[in-house]
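Trainee: I'm passing along run_0.csv; it holds CSV, C-alpha atoms.
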```csv
chain,number,residue,atom,x,y,z
A,21,ASN,CA,-66.1,171.6,52.1
A,22,SER,CA,-67.6,169.1,49.7
A,23,GLU,CA,-69.1,171.9,47.6
A,24,ASN,CA,-65.7,173.6,47.4
A,25,SER,CA,-64.0,170.4,46.5
A,26,LYS,CA,-66.1,169.8,43.4
A,27,ASN,CA,-65.5,173.4,42.3
A,28,LEU,CA,-61.7,172.8,42.3
A,29,THR,CA,-62.1,171.0,39.0
A,30,ALA,CA,-64.7,173.3,37.4
A,31,ASP,CA,-63.1,175.7,34.9
A,32,GLY,CA,-65.8,178.4,35.5
A,33,ARG,CA,-65.2,178.4,39.2
A,34,ARG,CA,-61.4,178.5,38.9
A,35,ARG,CA,-61.5,181.4,36.5
A,36,LEU,CA,-64.0,183.2,38.7
A,37,GLN,CA,-61.7,183.0,41.7
A,38,ILE,CA,-58.8,184.4,39.6
A,39,LEU,CA,-61.1,187.4,38.7
A,40,LYS,CA,-62.0,187.9,42.4
A,41,ASP,CA,-58.3,187.9,43.3
A,42,ILE,CA,-57.6,191.0,41.2
A,43,ALA,CA,-60.7,192.8,42.6
A,44,ASP,CA,-60.6,195.5,45.3
A,45,PRO,CA,-60.1,193.5,48.5
A,46,ASN,CA,-62.4,196.0,50.3
A,47,HIS,CA,-65.2,195.3,47.7
A,48,TYR,CA,-67.7,192.6,48.6
A,49,TYR,CA,-67.2,191.0,45.1
A,50,SER,CA,-63.7,189.9,46.1
A,51,LYS,CA,-65.0,187.6,48.8
A,52,PHE,CA,-64.6,183.8,48.5
A,53,SER,CA,-67.7,182.2,47.0
A,54,THR,CA,-67.5,178.9,48.8
A,55,GLY,CA,-65.8,177.9,52.1
A,56,ASN,CA,-63.8,174.8,53.0
A,57,SER,CA,-62.4,173.1,56.1
A,58,GLN,CA,-59.7,175.7,56.4
A,59,THR,CA,-61.9,178.8,56.1
A,60,LEU,CA,-64.4,177.4,58.6
A,61,PRO,CA,-62.3,175.3,61.1
A,62,THR,CA,-64.2,172.9,63.3
A,63,ASP,CA,-61.4,171.2,65.2
A,64,ASP,CA,-61.3,173.6,68.1
A,65,PRO,CA,-64.3,173.1,70.5
A,66,GLU,CA,-64.3,176.8,71.4
A,67,LYS,CA,-64.4,177.8,67.7
A,68,VAL,CA,-67.2,175.4,67.1
A,69,GLY,CA,-69.2,177.3,69.7
A,70,MET,CA,-68.4,180.6,68.1
A,71,ILE,CA,-69.5,179.3,64.7
A,72,ARG,CA,-72.8,178.2,66.2
A,73,GLU,CA,-73.3,181.5,68.0
A,74,ALA,CA,-72.5,183.4,64.8
A,75,LEU,CA,-75.0,181.3,62.8
A,76,LEU,CA,-77.7,182.0,65.3
A,77,CYS,CA,-76.9,185.8,65.4
A,78,PHE,CA,-76.9,185.9,61.6
A,79,HIS,CA,-80.3,184.1,61.5
A,80,LYS,CA,-81.7,186.5,64.2
A,81,ARG,CA,-80.6,189.6,62.3
A,82,HIS,CA,-81.6,188.6,58.7
A,83,TYR,CA,-84.2,185.9,58.8
A,84,ARG,CA,-87.2,188.1,59.9
A,85,PRO,CA,-90.8,188.1,58.7
A,86,GLU,CA,-90.6,191.7,57.4
A,87,LYS,CA,-87.7,190.6,55.2
A,88,MET,CA,-89.4,187.5,53.8
A,89,THR,CA,-90.7,187.2,50.2
A,90,VAL,CA,-93.1,184.3,49.4
A,91,VAL,CA,-94.0,183.2,45.9
A,92,ILE,CA,-96.3,180.2,45.3
A,93,ALA,CA,-97.0,178.8,41.8
A,94,GLY,CA,-99.4,176.1,40.9
A,95,PRO,CA,-102.4,175.2,38.7
A,96,GLN,CA,-104.9,176.1,41.4
A,97,SER,CA,-106.9,179.4,41.2
A,98,ILE,CA,-105.5,182.6,42.6
A,99,GLU,CA,-108.0,182.5,45.4
A,100,THR,CA,-106.9,179.0,46.5
A,101,LEU,CA,-103.2,179.9,46.3
A,102,GLU,CA,-103.9,183.1,48.3
A,103,GLN,CA,-105.8,181.1,51.0
A,104,TRP,CA,-102.9,178.6,51.3
A,105,VAL,CA,-100.4,181.3,51.8
A,106,GLY,CA,-102.6,183.1,54.4
A,107,ASP,CA,-103.3,179.9,56.3
A,108,ARG,CA,-99.7,178.9,56.6
A,109,TYR,CA,-97.8,182.2,56.9
A,110,SER,CA,-100.2,184.3,59.0
A,111,ALA,CA,-99.1,182.2,62.0
A,112,ILE,CA,-95.6,183.7,61.8
A,113,GLU,CA,-95.3,186.4,64.4
A,114,ALA,CA,-93.2,189.5,64.0
A,115,LYS,CA,-90.2,189.4,66.4
A,116,PRO,CA,-89.6,192.4,68.7
A,117,SER,CA,-86.7,194.6,67.9
A,118,THR,CA,-83.6,193.6,69.8
A,119,SER,CA,-80.0,194.8,70.1
A,120,ILE,CA,-79.0,192.8,67.0
A,121,ASN,CA,-81.3,195.0,64.9
A,122,GLY,CA,-79.8,198.3,66.2
A,123,ALA,CA,-82.0,199.1,69.2
A,124,ASP,CA,-79.0,199.2,71.5
A,125,GLU,CA,-75.7,198.6,69.8
A,126,THR,CA,-73.8,199.2,73.1
A,127,LYS,CA,-75.3,196.0,74.4
A,128,MET,CA,-74.2,193.8,71.5
A,129,SER,CA,-72.1,190.8,72.1
A,130,GLU,CA,-68.8,190.5,70.2
A,131,ILE,CA,-70.4,188.1,67.7
A,132,GLU,CA,-73.5,190.3,67.3
A,133,ALA,CA,-71.2,193.3,66.6
A,134,LEU,CA,-69.3,191.2,64.0
A,135,ILE,CA,-72.5,190.2,62.2
A,136,ALA,CA,-73.7,193.8,62.3
A,137,GLU,CA,-70.5,195.1,60.8
A,138,ALA,CA,-70.4,192.4,58.1
A,139,ALA,CA,-73.9,193.4,57.0
A,140,LYS,CA,-72.6,196.8,56.0
A,141,ASP,CA,-70.6,195.2,53.1
A,142,ALA,CA,-73.8,194.5,51.2
A,143,PRO,CA,-75.0,197.3,49.0
A,144,PRO,CA,-78.8,198.2,48.8
A,145,TYR,CA,-80.5,195.5,46.9
A,146,SER,CA,-84.3,195.7,47.3
A,147,PHE,CA,-86.5,197.6,44.9
A,148,ASP,CA,-87.6,200.0,47.6
A,149,GLU,CA,-84.0,201.1,48.4
A,150,ASP,CA,-82.1,203.8,46.7
A,151,ALA,CA,-79.6,202.7,44.1
A,152,PRO,CA,-76.0,202.8,45.5
A,153,PRO,CA,-73.4,205.0,43.6
A,154,TYR,CA,-71.3,203.4,40.9
A,155,ASN,CA,-68.6,201.4,42.7
A,156,PRO,CA,-66.7,199.0,40.4
A,157,ALA,CA,-64.8,196.1,41.9
A,158,PHE,CA,-61.8,196.6,39.5
A,159,LYS,CA,-59.8,199.8,39.9
A,160,ALA,CA,-56.6,200.8,38.1
A,161,SER,CA,-55.0,202.0,41.4
A,162,LEU,CA,-55.1,198.5,42.7
A,163,LEU,CA,-53.3,196.8,39.8
A,164,LYS,CA,-49.6,197.2,40.5
A,165,THR,CA,-47.7,196.0,37.5
A,166,GLN,CA,-44.3,196.6,36.0
A,167,GLN,CA,-45.8,198.8,33.4
A,168,GLU,CA,-47.2,201.1,36.1
A,169,LEU,CA,-43.9,201.2,37.9
A,170,GLU,CA,-42.4,202.4,34.6
A,171,GLY,CA,-45.0,205.1,34.3
A,172,ASP,CA,-47.3,203.3,31.9
A,173,SER,CA,-51.0,202.5,32.4
A,174,PRO,CA,-51.7,199.0,33.8
A,175,TRP,CA,-54.7,198.7,31.4
A,176,PRO,CA,-55.8,196.8,29.6
A,177,VAL,CA,-55.2,194.0,32.2
A,178,LEU,CA,-54.2,190.7,30.7
A,179,LEU,CA,-55.1,187.5,32.5
A,180,THR,CA,-53.8,184.1,31.3
A,181,THR,CA,-55.6,181.1,32.7
A,182,LYS,CA,-55.0,177.4,32.2
A,183,PRO,CA,-58.2,175.4,31.7
A,184,LEU,CA,-58.6,171.8,32.7
A,185,ARG,CA,-60.7,170.9,29.6
A,186,SER,CA,-59.7,171.8,26.1
A,187,MET,CA,-60.8,175.3,25.1
A,188,ARG,CA,-59.5,178.4,23.3
A,189,LYS,CA,-61.3,181.4,24.7
A,190,LEU,CA,-60.7,185.2,24.6
A,191,ASN,CA,-62.8,187.2,27.0
A,192,MET,CA,-62.9,191.0,27.2
A,193,MET,CA,-64.6,192.5,30.3
A,194,PHE,CA,-65.6,196.1,31.0
A,195,SER,CA,-66.8,197.6,34.3
A,196,ILE,CA,-69.9,199.8,33.7
A,197,PRO,CA,-72.6,201.2,36.0
A,198,SER,CA,-75.5,199.0,37.1
A,199,ALA,CA,-78.9,199.5,35.4
A,200,ARG,CA,-80.9,197.3,37.8
A,201,LYS,CA,-83.1,200.2,38.7
A,202,THR,CA,-84.0,200.8,35.0
A,203,PRO,CA,-84.2,197.3,33.5
A,204,ASP,CA,-86.4,198.4,30.6
A,205,GLN,CA,-84.0,201.2,29.6
A,206,SER,CA,-80.6,199.5,30.2
A,207,PRO,CA,-77.9,200.6,27.8
A,208,SER,CA,-76.1,197.4,28.6
A,209,THR,CA,-79.0,195.5,26.9
A,210,MET,CA,-78.5,197.5,23.8
A,211,LEU,CA,-74.7,196.9,23.9
A,212,SER,CA,-75.3,193.2,24.3
A,213,HIS,CA,-77.5,193.3,21.2
A,214,LEU,CA,-75.0,195.2,19.1
A,215,LEU,CA,-71.8,193.5,20.2
A,216,GLY,CA,-73.4,190.1,20.1
A,217,HIS,CA,-74.9,190.7,16.6
A,218,GLU,CA,-73.8,188.1,14.0
A,219,GLY,CA,-75.1,189.8,10.8
A,220,VAL,CA,-73.3,191.5,8.0
A,221,GLY,CA,-71.0,194.3,9.2
A,222,SER,CA,-70.8,192.9,12.7
A,223,ALA,CA,-67.6,192.3,14.6
A,224,PHE,CA,-68.4,188.6,14.7
A,225,ALA,CA,-69.0,188.4,10.9
A,226,THR,CA,-65.7,190.1,10.3
A,227,LEU,CA,-63.7,187.8,12.6
A,228,GLN,CA,-65.5,184.7,11.4
A,229,ASN,CA,-64.9,185.5,7.7
A,230,ASN,CA,-61.2,185.8,8.5
A,231,GLY,CA,-61.2,182.3,10.2
A,232,LEU,CA,-60.4,183.7,13.6
A,233,LEU,CA,-63.6,183.1,15.6
A,234,SER,CA,-66.0,180.2,16.1
A,235,SER,CA,-68.5,181.8,18.6
A,236,LEU,CA,-69.2,185.2,20.3
A,237,SER,CA,-71.6,186.2,23.0
A,238,ALA,CA,-72.0,189.5,24.8
A,239,GLY,CA,-73.7,190.4,28.0
A,240,ALA,CA,-73.4,191.0,31.8
A,241,ARG,CA,-71.2,188.5,33.6
A,242,VAL,CA,-71.8,190.2,36.9
A,243,SER,CA,-75.0,192.2,37.6
A,244,ALA,CA,-74.5,193.8,41.0
A,245,PRO,CA,-76.4,196.7,42.5
A,246,ASP,CA,-73.4,199.0,42.3
A,247,PHE,CA,-71.7,197.9,39.1
A,248,THR,CA,-72.0,195.6,36.1
A,249,LEU,CA,-69.1,193.6,34.6
A,250,PHE,CA,-69.9,193.3,30.9
A,251,GLN,CA,-68.2,190.5,29.0
A,252,ILE,CA,-67.6,189.7,25.4
A,253,ASP,CA,-66.9,185.9,25.3
A,254,MET,CA,-65.3,184.6,22.2
A,255,GLY,CA,-64.4,181.1,21.1
A,256,LEU,CA,-61.2,181.2,19.0
A,257,THR,CA,-60.1,179.0,16.2
A,258,LYS,CA,-56.4,177.9,16.1
A,259,GLU,CA,-55.6,180.8,13.8
A,260,GLY,CA,-57.6,183.1,16.1
A,261,GLU,CA,-55.5,182.1,19.1
A,262,GLU,CA,-52.3,182.9,17.2
A,263,GLN,CA,-53.8,186.3,16.3
A,264,TRP,CA,-55.6,187.0,19.5
A,265,GLU,CA,-54.3,190.6,19.6
A,266,GLU,CA,-55.8,191.3,16.2
A,267,VAL,CA,-59.1,189.8,17.5
A,268,ALA,CA,-59.1,192.2,20.5
A,269,SER,CA,-58.1,195.1,18.2
A,270,ILE,CA,-61.1,194.5,16.0
A,271,ILE,CA,-63.5,194.4,19.0
A,272,PHE,CA,-62.0,197.7,20.2
A,273,ALA,CA,-62.4,199.2,16.7
A,274,TYR,CA,-66.1,198.1,16.7
A,275,CYS,CA,-66.5,199.8,20.1
A,276,ARG,CA,-65.0,203.0,18.8
A,277,LEU,CA,-67.4,202.8,15.8
A,278,LEU,CA,-70.3,202.6,18.3
A,279,GLN,CA,-69.0,205.5,20.2
A,280,GLU,CA,-68.7,207.7,17.1
A,281,LYS,CA,-72.1,206.6,15.8
A,282,ALA,CA,-73.8,207.3,19.2
A,283,ARG,CA,-72.3,210.8,19.4
A,284,ALA,CA,-73.2,211.6,15.8
A,285,GLU,CA,-76.8,210.5,16.3
A,286,ARG,CA,-77.1,212.3,19.6
A,287,ASP,CA,-75.7,215.5,18.3
A,288,ASN,CA,-77.1,215.1,14.8
A,289,VAL,CA,-73.6,215.8,13.3
A,290,ASN,CA,-72.6,213.8,10.2
A,291,PHE,CA,-75.5,211.4,11.0
A,292,SER,CA,-77.1,209.5,8.1
A,293,PRO,CA,-80.3,207.7,9.1
A,294,GLU,CA,-80.3,205.7,5.9
A,295,ASN,CA,-77.2,203.8,7.3
A,296,GLY,CA,-79.2,202.7,10.3
A,297,SER,CA,-79.8,204.3,13.6
A,298,LEU,CA,-79.5,203.2,17.2
A,299,LYS,CA,-83.1,204.4,17.8
A,300,ARG,CA,-84.3,202.1,15.1
A,301,SER,CA,-82.4,199.2,16.6
A,302,TRP,CA,-83.9,200.0,20.0
A,303,LYS,CA,-87.4,199.9,18.5
A,304,GLU,CA,-86.7,196.5,16.9
A,305,MET,CA,-85.4,195.2,20.2
A,306,SER,CA,-88.5,196.3,22.1
A,307,GLU,CA,-90.8,194.8,19.5
A,308,LEU,CA,-89.1,191.5,19.7
A,309,ASP,CA,-89.1,191.5,23.5
A,310,LYS,CA,-92.8,192.2,23.6
A,311,ILE,CA,-93.4,189.2,21.3
A,312,PHE,CA,-91.2,187.0,23.5
A,313,PHE,CA,-93.0,188.2,26.7
A,314,ASN,CA,-96.5,187.6,25.2
A,315,GLU,CA,-95.7,184.2,23.6
A,316,THR,CA,-93.4,182.5,26.1
A,317,SER,CA,-94.9,180.1,28.6
A,318,PRO,CA,-93.7,180.4,32.3
A,319,GLY,CA,-92.2,176.9,32.3
A,320,GLY,CA,-92.1,174.5,35.3
A,321,ALA,CA,-93.2,175.8,38.7
A,322,TYR,CA,-90.1,174.4,40.3
A,323,ALA,CA,-87.9,177.0,38.5
A,324,TYR,CA,-90.6,179.6,38.0
A,325,ALA,CA,-91.4,180.3,41.7
A,326,PRO,CA,-87.8,181.1,42.8
A,327,ASN,CA,-87.1,183.1,39.7
A,328,ILE,CA,-90.2,185.3,40.4
A,329,CYS,CA,-89.3,185.5,44.1
A,330,SER,CA,-85.9,187.0,43.3
A,331,ARG,CA,-87.5,189.4,40.8
A,332,VAL,CA,-90.1,190.6,43.4
A,333,ILE,CA,-87.1,191.6,45.6
A,334,ALA,CA,-85.4,193.4,42.8
A,335,TYR,CA,-88.4,195.0,41.0
A,336,GLY,CA,-91.4,194.8,43.3
A,337,THR,CA,-94.7,193.0,42.8
A,338,LYS,CA,-96.0,195.3,40.1
A,339,GLU,CA,-93.1,194.8,37.7
A,340,CYS,CA,-91.7,191.4,38.8
A,341,LEU,CA,-93.2,189.7,35.7
A,342,SER,CA,-92.5,192.4,33.1
A,343,ALA,CA,-89.3,194.1,34.1
A,344,GLY,CA,-86.8,194.0,31.3
A,345,SER,CA,-89.3,193.1,28.7
A,346,MET,CA,-89.5,196.7,27.3
A,347,LEU,CA,-93.3,196.7,27.1
A,348,SER,CA,-93.5,200.5,27.1
A,349,GLU,CA,-90.4,201.2,25.0
A,350,ASN,CA,-90.4,202.6,21.5
A,351,GLU,CA,-88.1,204.5,19.2
A,352,ASP,CA,-88.5,207.7,21.2
A,353,THR,CA,-87.6,206.3,24.5
A,354,PHE,CA,-84.1,205.2,23.7
A,355,PRO,CA,-81.7,206.4,26.5
A,356,MET,CA,-79.2,208.1,24.2
A,357,ASN,CA,-77.3,210.0,26.8
A,358,ASP,CA,-76.9,207.0,29.0
A,359,PHE,CA,-75.9,204.9,26.1
A,360,VAL,CA,-73.1,207.3,25.2
A,361,ASP,CA,-71.9,207.3,28.8
A,362,PHE,CA,-71.8,203.5,28.9
A,363,VAL,CA,-70.2,202.9,25.5
A,364,ASP,CA,-67.5,205.4,26.3
A,365,LEU,CA,-66.3,202.9,29.0
A,366,PHE,CA,-65.6,200.3,26.3
A,367,ILE,CA,-62.0,201.3,26.0
A,368,PRO,CA,-58.6,199.6,26.6
A,369,GLU,CA,-58.2,201.7,29.8
A,370,ASN,CA,-61.2,199.9,31.3
A,371,CYS,CA,-60.8,196.4,30.0
A,372,ILE,CA,-59.7,193.1,31.4
A,373,VAL,CA,-58.6,190.7,28.7
A,374,GLU,CA,-58.6,187.0,29.6
A,375,ARG,CA,-56.9,184.4,27.5
A,376,CYS,CA,-57.9,180.9,28.5
A,377,SER,CA,-56.2,178.0,26.8
A,378,GLU,CA,-53.4,175.6,27.4
A,379,GLY,CA,-51.4,177.1,24.5
A,380,ALA,CA,-51.8,180.6,25.9
A,381,TYR,CA,-50.6,179.5,29.3
A,382,GLU,CA,-47.6,177.8,27.9
A,383,GLU,CA,-46.8,180.9,25.9
A,384,MET,CA,-47.1,183.0,29.0
A,385,GLU,CA,-44.8,180.7,30.9
A,386,GLU,CA,-42.1,180.9,28.2
A,387,LYS,CA,-42.2,184.7,28.4
A,388,THR,CA,-41.8,184.8,32.1
```
Could you render the structure from this file as structure tokens?
Mentor:
Amino acid sequence: NSENSKNLTADGRRRLQILKDIADPNHYYSKFSTGNSQTLPTDDPEKVGMIREALLCFHKRHYRPEKMTVVIAGPQSIETLEQWVGDRYSAIEAKPSTSINGADETKMSEIEALIAEAAKDAPPYSFDEDAPPYNPAFKASLLKTQQELEGDSPWPVLLTTKPLRSMRKLNMMFSIPSARKTPDQSPSTMLSHLLGHEGVGSAFATLQNNGLLSSLSAGARVSAPDFTLFQIDMGLTKEGEEQWEEVASIIFAYCRLLQEKARAERDNVNFSPENGSLKRSWKEMSELDKIFFNETSPGGAYAYAPNICSRVIAYGTKECLSAGSMLSENEDTFPMNDFVDFVDLFIPENCIVERCSEGAYEEMEEKT
């Protein structure tokens, strides 16, 4: 309850919950991130007992030696660290399979059955599991609006949020497939590079030169096993907030330019290499990533160990350090077909636009 209380005044958490509220209620992403005294009541002695039983059943099902990943980081030698792990963890005994793990579901208690059913919500996550099918949390069929009732598309979806601290933000979010199984050949990495570019000819440069933008970043807001929510986060000037529709239009125009360029380069139709190519950009990205991988120190052990632990689960022990660093990528390995498929999703019919400022909220209230 204390954790949730502090989140009530955090703009990021408040905006996250609004986003979850428009997600598919049957999708795990829609679930509440933190609980409180209302979602986990403790006044009723009977319910307190159920909570304890549920906690024990959850632990029994999920906290098992075969599901554990251990990472130890320190200045000692590999041999010493390995011995420490062996001495301490070899004493953990594997638990025999019980009804909670599916040996005999007919003998499950009500709480055990509840825990087993809840576990089905989670998509495959580990590196040794098959990738789940694309399953975005945001679907047009769930967004019932007046425009839809009148026969028009509900997209792009417009959210207007009121921040607690002063800001003028415009976010554009697109649901795209997950690339967690191919971190070195992720089209979303290339899209982040191109949409976040600040050089001549970029969307940012155009908007900044017109006094509409103060900052722009692009990348995955949600990286789930079954979908990615790609976000273009923009800080607006006062003039930019007044012309936010023009800002969004320029971003959409830049996305259309990427779509046309990708198709022209893929099909070699009206393609001019001297004007720059996506393959060349991919090569430059891979070379920079290799330099970053080779020259960057691991940092403090306190943060390094849990980071590597999560990467072992996602990518396995062989690639936990290098996944996403594009060490084997070059100009010829650019995933052109996948890039075309991904960039084709950067359209108004697949976009959630969020305006976040006090002025935007007041404007919305006046209209309603």
Trainee: So what do you get for atom CA of Ile135 of chain A versus atom CA of Leu249 of chain A, distance-wise?
Mentor: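 Taking atom CA of Ile135 of chain A and atom CA of Leu249 of chain A, their separation equals 28.0 Å.
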Trainee: Could you name the residues that touch segment 366-378 of chain A at 7 Å or less, counting only C-alpha atoms, but leaving out those on the same chain fewer than 5 positions away, as a PDB file with C-alpha atoms, in the frame of the given file?
Mentor:
```
ATOM      1  CA  TRP A 175     -54.700 198.700  31.400  1.00  0.00           C
ATOM      2  CA  PRO A 176     -55.800 196.800  29.600  1.00  0.00           C
ATOM      3  CA  VAL A 177     -55.200 194.000  32.200  1.00  0.00           C
ATOM      4  CA  LEU A 178     -54.200 190.700  30.700  1.00  0.00           C
ATOM      5  CA  LEU A 179     -55.100 187.500  32.500  1.00  0.00           C
ATOM      6  CA  THR A 180     -53.800 184.100  31.300  1.00  0.00           C
ATOM      7  CA  THR A 181     -55.600 181.100  32.700  1.00  0.00           C
ATOM      8  CA  LYS A 182     -55.000 177.400  32.200  1.00  0.00           C
ATOM      9  CA  PRO A 183     -58.200 175.400  31.700  1.00  0.00           C
ATOM     10  CA  MET A 187     -60.800 175.300  25.100  1.00  0.00           C
ATOM     11  CA  ARG A 188     -59.500 178.400  23.300  1.00  0.00           C
ATOM     12  CA  LYS A 189     -61.300 181.400  24.700  1.00  0.00           C
ATOM     13  CA  LEU A 190     -60.700 185.200  24.600  1.00  0.00           C
ATOM     14  CA  ASN A 191     -62.800 187.200  27.000  1.00  0.00           C
ATOM     15  CA  MET A 192     -62.900 191.000  27.200  1.00  0.00           C
ATOM     16  CA  MET A 193     -64.600 192.500  30.300  1.00  0.00           C
ATOM     17  CA  PHE A 194     -65.600 196.100  31.000  1.00  0.00           C
ATOM     18  CA  SER A 195     -66.800 197.600  34.300  1.00  0.00           C
ATOM     19  CA  PHE A 272     -62.000 197.700  20.200  1.00  0.00           C
ATOM     20  CA  CYS A 275     -66.500 199.800  20.100  1.00  0.00           C
TER      21      CYS A 275
END
```
Trainee: With distances taken over only C-alpha atoms, which residue among A:Thr337, A:Gln37, A:Ser110, A:Asn350 lies nearest Glu304 of chain A?
Mentor: A:Asn350
Trainee: At most 9 Å is the cut-off: for each residue in segment 277-363 of chain A with any atom that close to an atom of segment 210-232 of chain A, write down the nearest atom pair and the distance in Å rounded to one decimal, counting only C-alpha atoms, chain first then increasing number, as a Markdown table.
Mentor:
```
| residue | atom | partner | partner_atom | distance |
| --- | --- | --- | --- | --- |
| A:Leu278 | CA | A:Leu214 | CA | 8.8 |
| A:Leu298 | CA | A:Met210 | CA | 8.8 |
| A:Ser301 | CA | A:Met210 | CA | 8.4 |
| A:Trp302 | CA | A:Met210 | CA | 7.1 |
| A:Met305 | CA | A:Met210 | CA | 8.1 |
| A:Phe359 | CA | A:Met210 | CA | 8.2 |
| A:Phe362 | CA | A:Leu211 | CA | 8.8 |
| A:Val363 | CA | A:Leu211 | CA | 7.7 |
```
Trainee: I need the chosen residues saved as a short mmCIF file (atom, residue, chain, number, x, y, z; two decimals), keeping the file's coordinate frame, with C-alpha atoms.
Mentor:
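Full text of selection.cif as output:
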```cif
data_model
loop_
_atom_site.label_atom_id
_atom_site.label_comp_id
_atom_site.auth_asym_id
_atom_site.auth_seq_id
_atom_site.Cartn_x
_atom_site.Cartn_y
_atom_site.Cartn_z
CA LEU A 278 -70.30 202.60 18.30
CA LEU A 298 -79.50 203.20 17.20
CA SER A 301 -82.40 199.20 16.60
CA TRP A 302 -83.90 200.00 20.00
CA MET A 305 -85.40 195.20 20.20
CA PHE A 359 -75.90 204.90 26.10
CA PHE A 362 -71.80 203.50 28.90
CA VAL A 363 -70.20 202.90 25.50
#
```
Trainee: Check the smallest atom-to-atom distance from each of A:Asn314, A:Gly69, A:Tyr335, A:Cys340 to Ala199 of chain A using only C-alpha atoms, then report the winner.
Mentor: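 Selected residue with least distance to Ala199 of chain A: A:Tyr335.
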Trainee: Any idea what the distance is between atom CA of Asn155 of chain A and atom CA of Ile333 of chain A?
Mentor: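 Taking atom CA of Asn155 of chain A and atom CA of Ile333 of chain A, their separation equals 21.1 Å.
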Trainee: Enter the distance from atom CA of Ala380 of chain A to atom CA of Ser237 of chain A, in Å, rounded to one decimal.
Mentor: 20.8 Å
Trainee: Which of these, A:Val242, A:Ser57, A:Arg72, A:Ala343, has the shortest distance to Leu39 of chain A once you count only C-alpha atoms?
Mentor: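 When distances to Leu39 of chain A are compared using only C-alpha atoms, the smallest one comes from A:Val242.
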Trainee: I'd like the neighbourhood of Pro143 of chain A as a PyMOL selection string, where a residue qualifies if any of its atoms comes within 9 Å (using all atoms listed in the file), though same-chain residues fewer than 2 positions away should be ignored.
Mentor: chain A and resi 48+139-141+145+151-152+244-246
Trainee: Env of Asn46 of chain A: 12 Å cut, atoms = only C-alpha atoms, seq-sep filter 4 positions within chain, self excluded. Answer as a list in words.
Mentor: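 So the residues in contact are Lys40, Asp41, Ile42, Ser50, Lys51, Ala138, Lys140, Asp141, Ala142, Asn155, Pro156, Ala157, Phe158, Lys159 and Leu162 of chain A.
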Trainee: Export C-alpha atoms of the chosen residues as a PDB file, in the frame of the given file?
Mentor:
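New file part-v4.pdb:
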```
ATOM      1  CA  LYS A  40     -62.000 187.900  42.400  1.00  0.00           C
ATOM      2  CA  ASP A  41     -58.300 187.900  43.300  1.00  0.00           C
ATOM      3  CA  ILE A  42     -57.600 191.000  41.200  1.00  0.00           C
ATOM      4  CA  SER A  50     -63.700 189.900  46.100  1.00  0.00           C
ATOM      5  CA  LYS A  51     -65.000 187.600  48.800  1.00  0.00           C
ATOM      6  CA  ALA A 138     -70.400 192.400  58.100  1.00  0.00           C
ATOM      7  CA  LYS A 140     -72.600 196.800  56.000  1.00  0.00           C
ATOM      8  CA  ASP A 141     -70.600 195.200  53.100  1.00  0.00           C
ATOM      9  CA  ALA A 142     -73.800 194.500  51.200  1.00  0.00           C
ATOM     10  CA  ASN A 155     -68.600 201.400  42.700  1.00  0.00           C
ATOM     11  CA  PRO A 156     -66.700 199.000  40.400  1.00  0.00           C
ATOM     12  CA  ALA A 157     -64.800 196.100  41.900  1.00  0.00           C
ATOM     13  CA  PHE A 158     -61.800 196.600  39.500  1.00  0.00           C
ATOM     14  CA  LYS A 159     -59.800 199.800  39.900  1.00  0.00           C
ATOM     15  CA  LEU A 162     -55.100 198.500  42.700  1.00  0.00           C
TER      16      LEU A 162
END
```
Trainee: Determine the nearest neighbour of Leu308 of chain A from the options A:Leu277, A:Glu349, A:Gln251, A:Tyr322, counting only C-alpha atoms.
Mentor: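 Nearest candidate to Leu308 of chain A out of A:Leu277, A:Glu349, A:Gln251, A:Tyr322: A:Glu349.
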Trainee: Can you work out which one of A:Cys77, A:Leu347, A:Val68, A:Ala93 has the shortest atom-to-atom distance to Tyr324 of chain A, counting all atoms listed in the file?
Mentor: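 Closest residue, counting all atoms listed in the file: A:Ala93.
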Trainee: Counting all atoms listed in the file, which residue out of A:Pro61, A:Pro207, A:Gly94, A:Pro293 sits closest to Thr353 of chain A?
Mentor: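 Smallest separation from Thr353 of chain A among the options: A:Pro207.
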